[in-house]
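One structure is given here, and the rest of the page talks about it.
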Amino acid sequence: MKILFYDTKSYDKDTFTRELEHYPGIEIKFLKTDLTHNTAELSHGYDAVCAFVNSNIGTKTVEILHENGIRLILMRCAGFNNVDLATAHRYGIRILRVPGYSPEAVAEHAMGLALTVNRRLHKSYIKVRENDFSLGSLMGFNFHRKTAGIVGTGKIGAAMARICHGFGMNVLAFDVYENPALKDFAAYVSLDKLLAESDLVSLHCPLTDSTYHMINRETIQKMKDGVILVNTSRGALVKTEDLIEGIRAHKFFGVGLDVYEEETPNVFEDRSDEILEHSVTARLLSFPNVMITSHQGFFTREALAAIAQTTLDNVRVFESGEASPNDVNA
């Protein structure tokens, strides 16, 4: 099978090339350009394309892929809200994703963000580099015996819940589907109760119609004053304008974001020579209690290896015609 691999970074090429040794018969061409309706034409002569979470796989893109004979879209990520599923399935294009590469990688990053904004590590690092060893503006609070609210308790949310439990935190959870593996130490409650009682709120939900902008002016008002909010899931879970309003109103002790609504042109790109005019990102970065990272929650050696293995296993599943829990259905 011939696969056109879009939006290739050096670590993608290195990881997939190593794993390809175990998958004879699969041929990959790596492209630096991302998959959009402008670059979909490059897929002519291939059987499948491989894309990432920030690729634009809308209606026009899918139609061009279909015209080029593409039968399979491989998402080397868990998310698929950037794909026009209805159009893909209408043309008989199968979509396979990587739902659970390394839950611990993302959960550990979420806790890293929480600790950073709590103990002001991002500010402390800069102060000490400038020989300023004073402690002003660096005071945090103990997580021990505080309450963590985990919104979404799939594999990543469950990993985060276990980390918080290990810190000695009281763990509250909210999900449409309760995870029985967590019930020994986590209490499932309503979202309103979780927001009202949690000192740390960590988001681990997929982006759906029901979760879009679930963190907004109304839900922010329900949170404790001085809460820490962390989002390592999907940027659009949080209505950014309302978040900024809450930050300015001193609602949050800290905010840690690995994802945010305006991230698409920024993800994995070096824009250090650019002026981000009218940028929501720049506004968020102006606040001293906000920490933003570049969608790197997944970025560990173990996670990259798992992504490559599952993606290539998905190719084998497609070739065999078998059903898979990794299928994305409209």
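Residues are referred to by chain and number: the chain letter is A, B, ... according to the order shown in the structure tokens, the number counts from 1 in that chain, and ligands are numbered separately from 1 in the order shown.
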
Problem set entry | Surrounding residues of A:Leu203 excluding itself and chain neighbours under 2 positions, 7 Å, only C-alpha atoms, as a ChimeraX atom specification | /A:150-152,201,205,230-233

For this session: Please provide as a PyMOL selection string all residues within 10 Å of stretch 238-254 of chain A, with the sequence filter that same-chain residues fewer than 4 positions apart are discarded (counting only C-alpha atoms).
Result: chain A and resi 113-120+140-141+199-200+203+211-221+223-231+234+259-262+280-281+283-284+287-291

Could those residues be written to a file, using N, CA and C atoms, as a CSV table (one decimal), in the first residue's frame?
chain,number,residue,atom,x,y,z
A,113,LEU,N,1.5,21.3,33.6
A,113,LEU,CA,0.9,22.6,33.4
A,113,LEU,C,0.3,23.1,34.7
A,114,ALA,N,-0.4,22.2,35.4
A,114,ALA,CA,-1.1,22.6,36.7
A,114,ALA,C,0.0,23.0,37.7
A,115,LEU,N,1.0,22.2,37.8
A,115,LEU,CA,2.1,22.5,38.8
A,115,LEU,C,2.8,23.8,38.4
A,116,THR,N,3.0,24.0,37.1
A,116,THR,CA,3.7,25.2,36.6
A,116,THR,C,3.0,26.5,37.0
A,117,VAL,N,1.6,26.5,36.7
A,117,VAL,CA,0.9,27.8,37.0
A,117,VAL,C,0.6,27.9,38.5
A,118,ASN,N,0.6,26.8,39.2
A,118,ASN,CA,0.4,26.9,40.6
A,118,ASN,C,1.6,27.4,41.3
A,119,ARG,N,2.8,26.9,41.0
A,119,ARG,CA,4.0,27.3,41.7
A,119,ARG,C,4.8,28.4,40.9
A,120,ARG,N,4.2,28.9,39.8
A,120,ARG,CA,4.7,29.9,39.0
A,120,ARG,C,6.1,29.6,38.5
A,140,GLY,N,2.4,29.6,45.7
A,140,GLY,CA,1.3,28.8,45.3
A,140,GLY,C,0.6,28.2,46.4
A,141,PHE,N,-0.1,27.0,46.2
A,141,PHE,CA,-0.8,26.3,47.3
A,141,PHE,C,-0.6,24.8,47.1
A,199,ASP,N,-10.6,22.7,43.1
A,199,ASP,CA,-9.5,23.6,43.1
A,199,ASP,C,-8.7,23.6,41.8
A,200,LEU,N,-8.8,22.4,41.2
A,200,LEU,CA,-8.1,22.2,39.9
A,200,LEU,C,-9.2,21.5,39.0
A,203,LEU,N,-9.5,19.3,31.8
A,203,LEU,CA,-10.5,18.9,30.7
A,203,LEU,C,-9.9,17.8,29.9
A,211,THR,N,-20.0,19.4,23.8
A,211,THR,CA,-18.9,19.9,24.6
A,211,THR,C,-18.3,21.2,24.1
A,212,TYR,N,-18.7,21.6,22.9
A,212,TYR,CA,-18.2,22.9,22.3
A,212,TYR,C,-18.5,24.0,23.3
A,213,HIS,N,-17.5,24.8,23.6
A,213,HIS,CA,-17.6,25.9,24.6
A,213,HIS,C,-18.2,25.5,25.9
A,214,MET,N,-17.9,24.3,26.4
A,214,MET,CA,-18.5,23.9,27.6
A,214,MET,C,-18.0,24.8,28.8
A,215,ILE,N,-16.8,25.3,28.6
A,215,ILE,CA,-16.3,26.3,29.6
A,215,ILE,C,-16.5,27.7,29.0
A,216,ASN,N,-17.5,28.4,29.6
A,216,ASN,CA,-17.9,29.7,29.1
A,216,ASN,C,-18.2,30.6,30.3
A,217,ARG,N,-18.8,31.8,30.0
A,217,ARG,CA,-19.0,32.7,31.1
A,217,ARG,C,-19.9,32.1,32.2
A,218,GLU,N,-20.9,31.4,31.8
A,218,GLU,CA,-21.8,30.8,32.8
A,218,GLU,C,-21.1,29.7,33.6
A,219,THR,N,-20.4,28.8,33.0
A,219,THR,CA,-19.7,27.7,33.8
A,219,THR,C,-18.5,28.3,34.5
A,220,ILE,N,-17.9,29.3,34.0
A,220,ILE,CA,-16.7,29.9,34.8
A,220,ILE,C,-17.3,30.5,36.1
A,221,GLN,N,-18.4,31.1,36.0
A,221,GLN,CA,-19.0,31.8,37.2
A,221,GLN,C,-19.3,30.7,38.3
A,223,MET,N,-17.4,28.2,39.0
A,223,MET,CA,-16.2,27.7,39.6
A,223,MET,C,-15.8,28.4,40.9
A,224,LYS,N,-15.0,27.8,41.7
A,224,LYS,CA,-14.4,28.4,42.8
A,224,LYS,C,-13.6,29.6,42.4
A,225,ASP,N,-13.5,30.6,43.3
A,225,ASP,CA,-12.5,31.7,43.1
A,225,ASP,C,-11.2,31.1,43.3
A,226,GLY,N,-10.2,31.5,42.5
A,226,GLY,CA,-8.8,31.0,42.7
A,226,GLY,C,-8.6,29.6,42.1
A,227,VAL,N,-9.4,29.2,41.2
A,227,VAL,CA,-9.3,27.8,40.6
A,227,VAL,C,-8.2,27.8,39.6
A,228,ILE,N,-7.6,26.6,39.4
A,228,ILE,CA,-6.7,26.4,38.3
A,228,ILE,C,-7.4,25.6,37.2
A,229,LEU,N,-7.4,26.1,36.0
A,229,LEU,CA,-8.0,25.4,34.8
A,229,LEU,C,-6.9,24.9,33.9
A,230,VAL,N,-7.0,23.6,33.5
A,230,VAL,CA,-6.0,23.0,32.6
A,230,VAL,C,-6.8,22.4,31.4
A,231,ASN,N,-6.3,22.7,30.2
A,231,ASN,CA,-6.9,22.1,29.0
A,231,ASN,C,-5.8,21.5,28.1
A,234,ARG,N,-9.1,19.7,23.7
A,234,ARG,CA,-9.4,20.4,22.5
A,234,ARG,C,-9.6,21.9,22.8
A,259,VAL,N,-3.8,23.4,24.4
A,259,VAL,CA,-4.6,23.6,23.2
A,259,VAL,C,-5.5,24.9,23.5
A,260,TYR,N,-5.8,25.6,22.4
A,260,TYR,CA,-6.6,26.8,22.5
A,260,TYR,C,-7.2,27.0,21.1
A,261,GLU,N,-8.2,27.8,21.0
A,261,GLU,CA,-9.0,28.0,19.8
A,261,GLU,C,-8.2,28.5,18.6
A,262,GLU,N,-7.3,29.3,18.8
A,262,GLU,CA,-6.5,30.0,17.7
A,262,GLU,C,-5.3,29.2,17.4
A,280,VAL,N,-5.6,36.4,19.8
A,280,VAL,CA,-6.1,36.0,21.1
A,280,VAL,C,-4.9,35.3,21.8
A,281,THR,N,-4.1,34.6,21.1
A,281,THR,CA,-2.9,33.9,21.7
A,281,THR,C,-2.0,35.0,22.4
A,283,ARG,N,-2.9,37.8,23.6
A,283,ARG,CA,-3.6,38.3,24.7
A,283,ARG,C,-3.5,37.4,25.9
A,284,LEU,N,-3.6,36.1,25.6
A,284,LEU,CA,-3.5,35.1,26.7
A,284,LEU,C,-2.1,35.1,27.3
A,287,PHE,N,-0.9,37.5,30.2
A,287,PHE,CA,-1.3,37.3,31.6
A,287,PHE,C,-0.2,36.5,32.4
A,288,PRO,N,0.2,37.0,33.6
A,288,PRO,CA,1.3,36.3,34.3
A,288,PRO,C,0.9,35.0,34.8
A,289,ASN,N,-0.3,34.7,35.0
A,289,ASN,CA,-0.8,33.4,35.5
A,289,ASN,C,-1.3,32.4,34.5
A,290,VAL,N,-0.9,32.6,33.2
A,290,VAL,CA,-1.3,31.8,32.1
A,290,VAL,C,0.0,31.1,31.5
A,291,MET,N,-0.1,29.8,31.3
A,291,MET,CA,1.0,29.1,30.7
A,291,MET,C,0.4,28.4,29.5

Exercise. Quick one, how far is atom CA of A:Gly154 from atom CA of A:Asn179?
Worked result: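 These two atoms are separated by 7.3 Å.
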
Exercise. Which of these residues is nearest to A:Arg316, using only C-alpha atoms: A:Arg90, A:Arg271, A:Lys29, A:His22?
Worked result: A:His22

Test item: residues at most 9 Å from A:Thr59, only C-alpha atoms, excluding those fewer than 3 positions along its chain, as an mmCIF file with C-alpha atoms, in the first residue's frame:
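Okay, part.cif is ready:
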data_model
loop_
_atom_site.group_PDB
_atom_site.id
_atom_site.type_symbol
_atom_site.label_atom_id
_atom_site.label_comp_id
_atom_site.auth_asym_id
_atom_site.auth_seq_id
_atom_site.Cartn_x
_atom_site.Cartn_y
_atom_site.Cartn_z
ATOM 1 C CA HIS A 37 -7.925 21.320 -0.343
ATOM 2 C CA VAL A 62 -12.387 14.894 0.829
ATOM 3 C CA GLU A 63 -13.884 15.292 -2.641
ATOM 4 C CA ILE A 64 -10.435 15.732 -4.178
ATOM 5 C CA VAL A 83 -12.655 15.706 9.157
ATOM 6 C CA ASP A 84 -15.879 15.887 7.133
ATOM 7 C CA LEU A 85 -16.984 12.412 8.152
ATOM 8 C CA ALA A 86 -20.294 12.425 6.276
ATOM 9 C CA THR A 87 -18.660 13.212 2.942
ATOM 10 C CA ALA A 88 -15.872 10.683 3.493
#

Exercise. Smallest atom-to-atom distance to A:His44: which of A:Ala187, A:Ile26, A:Ala159, A:Ile3, using only C-alpha atoms?
Worked result: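 Comparing A:Ala187, A:Ile26, A:Ala159, A:Ile3 against A:His44, the winner is A:Ile3.
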
Exercise. Nearest to A:Lys155: which of A:His66, A:His204, A:Lys2, A:Lys222 is it, counting only C-alpha atoms?
Worked result: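 The shortest atom-to-atom distance to A:Lys155 comes from A:His204.
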
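Omitting stretch 91-102 of chain A and its sequence neighbours fewer than 5 positions away, and counting only C-alpha atoms, the residues within 7 Å are His66, Arg71, Leu72, Ile73, Leu74, Met75, Arg76, Cys77, Ala78, Ala303, Ala306, Ile307, Thr310, Thr311, Asn314, Asn326, Asp327 and Val328 of chain A.
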
For this session: Write down as a list in words the residues of stretch 167-259 of chain A whose backbone DSSP state falls under strand (DSSP E or B).
Result: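 Result set for stretch 167-259 of chain A (strand (DSSP E or B)): Asn170, Val171, Leu172, Ala173, Phe174, Ala186, Ala187, Tyr188, Leu200, Val201, Ser202, Leu203, Ile215, Val227, Ile228, Leu229, Val230, Asn231, Val238, Phe252, Phe253, Gly254, Val255, Gly256 and Leu257 of chain A.
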
Taking 4 positions as the minimum chain separation for residues in the same chain, which residues sit within 10 Å of A:Arg162 when counting only C-alpha atoms? Answer as an mmCIF file with all heavy atoms, in the first residue's frame.
data_model
loop_
_atom_site.group_PDB
_atom_site.id
_atom_site.type_symbol
_atom_site.label_atom_id
_atom_site.label_comp_id
_atom_site.auth_asym_id
_atom_site.auth_seq_id
_atom_site.Cartn_x
_atom_site.Cartn_y
_atom_site.Cartn_z
ATOM 1 N N GLU A 104 -0.829 8.342 29.488
ATOM 2 C CA GLU A 104 0.009 8.901 30.551
ATOM 3 C C GLU A 104 0.803 10.107 30.066
ATOM 4 O O GLU A 104 1.065 11.043 30.834
ATOM 5 C CB GLU A 104 0.962 7.830 31.089
ATOM 6 C CG GLU A 104 0.283 6.712 31.860
ATOM 7 C CD GLU A 104 -0.443 5.718 30.973
ATOM 8 O OE1 GLU A 104 -0.123 5.660 29.751
ATOM 9 O OE2 GLU A 104 -1.328 5.000 31.473
ATOM 10 N N ALA A 107 -1.610 13.045 30.228
ATOM 11 C CA ALA A 107 -1.984 13.308 31.625
ATOM 12 C C ALA A 107 -0.812 13.900 32.405
ATOM 13 O O ALA A 107 -0.990 14.830 33.204
ATOM 14 C CB ALA A 107 -2.475 12.021 32.287
ATOM 15 N N ILE A 156 -7.188 9.075 29.014
ATOM 16 C CA ILE A 156 -6.337 10.181 29.466
ATOM 17 C C ILE A 156 -6.869 10.761 30.765
ATOM 18 O O ILE A 156 -6.114 11.004 31.719
ATOM 19 C CB ILE A 156 -6.237 11.264 28.375
ATOM 20 C CG1 ILE A 156 -5.570 10.694 27.128
ATOM 21 C CG2 ILE A 156 -5.458 12.475 28.898
ATOM 22 C CD1 ILE A 156 -5.580 11.636 25.931
ATOM 23 N N GLY A 157 -8.182 10.994 30.818
ATOM 24 C CA GLY A 157 -8.777 11.513 32.042
ATOM 25 C C GLY A 157 -8.558 10.584 33.223
ATOM 26 O O GLY A 157 -8.303 11.035 34.345
ATOM 27 N N ALA A 158 -8.645 9.277 32.966
ATOM 28 C CA ALA A 158 -8.412 8.308 34.039
ATOM 29 C C ALA A 158 -6.965 8.370 34.524
ATOM 30 O O ALA A 158 -6.693 8.272 35.729
ATOM 31 C CB ALA A 158 -8.744 6.901 33.551
ATOM 32 N N GLY A 166 -2.666 10.287 43.454
ATOM 33 C CA GLY A 166 -1.319 10.072 43.986
ATOM 34 C C GLY A 166 -0.760 11.295 44.696
ATOM 35 O O GLY A 166 0.085 11.161 45.589
ATOM 36 N N PHE A 167 -1.243 12.470 44.334
ATOM 37 C CA PHE A 167 -0.840 13.697 45.015
ATOM 38 C C PHE A 167 -1.602 13.895 46.323
ATOM 39 O O PHE A 167 -1.386 14.888 47.016
ATOM 40 C CB PHE A 167 -1.091 14.908 44.108
ATOM 41 C CG PHE A 167 0.081 15.271 43.242
ATOM 42 C CD1 PHE A 167 0.474 14.460 42.189
ATOM 43 C CD2 PHE A 167 0.793 16.434 43.472
ATOM 44 C CE1 PHE A 167 1.542 14.787 41.386
ATOM 45 C CE2 PHE A 167 1.864 16.781 42.674
ATOM 46 C CZ PHE A 167 2.252 15.943 41.621
ATOM 47 N N GLY A 168 -2.489 12.967 46.638
ATOM 48 C CA GLY A 168 -3.277 13.104 47.852
ATOM 49 C C GLY A 168 -4.470 14.024 47.704
ATOM 50 O O GLY A 168 -4.978 14.563 48.696
ATOM 51 N N MET A 169 -4.941 14.179 46.473
ATOM 52 C CA MET A 169 -6.080 15.052 46.220
ATOM 53 C C MET A 169 -7.387 14.269 46.299
ATOM 54 O O MET A 169 -7.437 13.059 46.012
ATOM 55 C CB MET A 169 -5.971 15.706 44.841
ATOM 56 C CG MET A 169 -4.716 16.531 44.635
ATOM 57 S SD MET A 169 -4.670 17.405 43.048
ATOM 58 C CE MET A 169 -5.759 18.799 43.392
ATOM 59 N N VAL A 171 -10.664 13.466 44.477
ATOM 60 C CA VAL A 171 -10.927 13.465 43.040
ATOM 61 C C VAL A 171 -12.424 13.390 42.763
ATOM 62 O O VAL A 171 -13.104 12.453 43.197
ATOM 63 C CB VAL A 171 -10.209 12.286 42.341
ATOM 64 C CG1 VAL A 171 -10.503 12.303 40.841
ATOM 65 C CG2 VAL A 171 -8.704 12.350 42.593
ATOM 66 N N LEU A 182 -12.234 3.773 38.272
ATOM 67 C CA LEU A 182 -11.880 4.919 39.100
ATOM 68 C C LEU A 182 -12.690 5.022 40.377
ATOM 69 O O LEU A 182 -12.400 5.852 41.245
ATOM 70 C CB LEU A 182 -12.055 6.218 38.301
ATOM 71 C CG LEU A 182 -11.268 6.349 36.997
ATOM 72 C CD1 LEU A 182 -11.554 7.703 36.353
ATOM 73 C CD2 LEU A 182 -9.776 6.177 37.236
ATOM 74 N N PHE A 185 -11.589 5.522 44.215
ATOM 75 C CA PHE A 185 -11.057 6.753 44.807
ATOM 76 C C PHE A 185 -11.680 8.027 44.239
ATOM 77 O O PHE A 185 -11.451 9.116 44.774
ATOM 78 C CB PHE A 185 -9.539 6.819 44.623
ATOM 79 C CG PHE A 185 -9.084 6.875 43.187
ATOM 80 C CD1 PHE A 185 -8.984 8.096 42.525
ATOM 81 C CD2 PHE A 185 -8.754 5.723 42.497
ATOM 82 C CE1 PHE A 185 -8.555 8.153 41.208
ATOM 83 C CE2 PHE A 185 -8.327 5.768 41.183
ATOM 84 C CZ PHE A 185 -8.225 6.991 40.534
ATOM 85 N N ALA A 186 -12.463 7.932 43.172
ATOM 86 C CA ALA A 186 -13.067 9.117 42.563
ATOM 87 C C ALA A 186 -14.585 9.066 42.699
ATOM 88 O O ALA A 186 -15.192 8.002 42.590
ATOM 89 C CB ALA A 186 -12.677 9.224 41.093
#

For this session: Mind listing the alpha helix (DSSP H) residues of stretch 7-110 of chain A, per DSSP on the backbone, as a ChimeraX atom specification?
Result: /A:10-20,59-67,85-90,103-110

Exercise. Distance atom CA of A:Asn81-atom CA of A:Asn329, one decimal place?
Worked result: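 Interatomic distance, atom CA of A:Asn81 to atom CA of A:Asn329: 11.5 Å.
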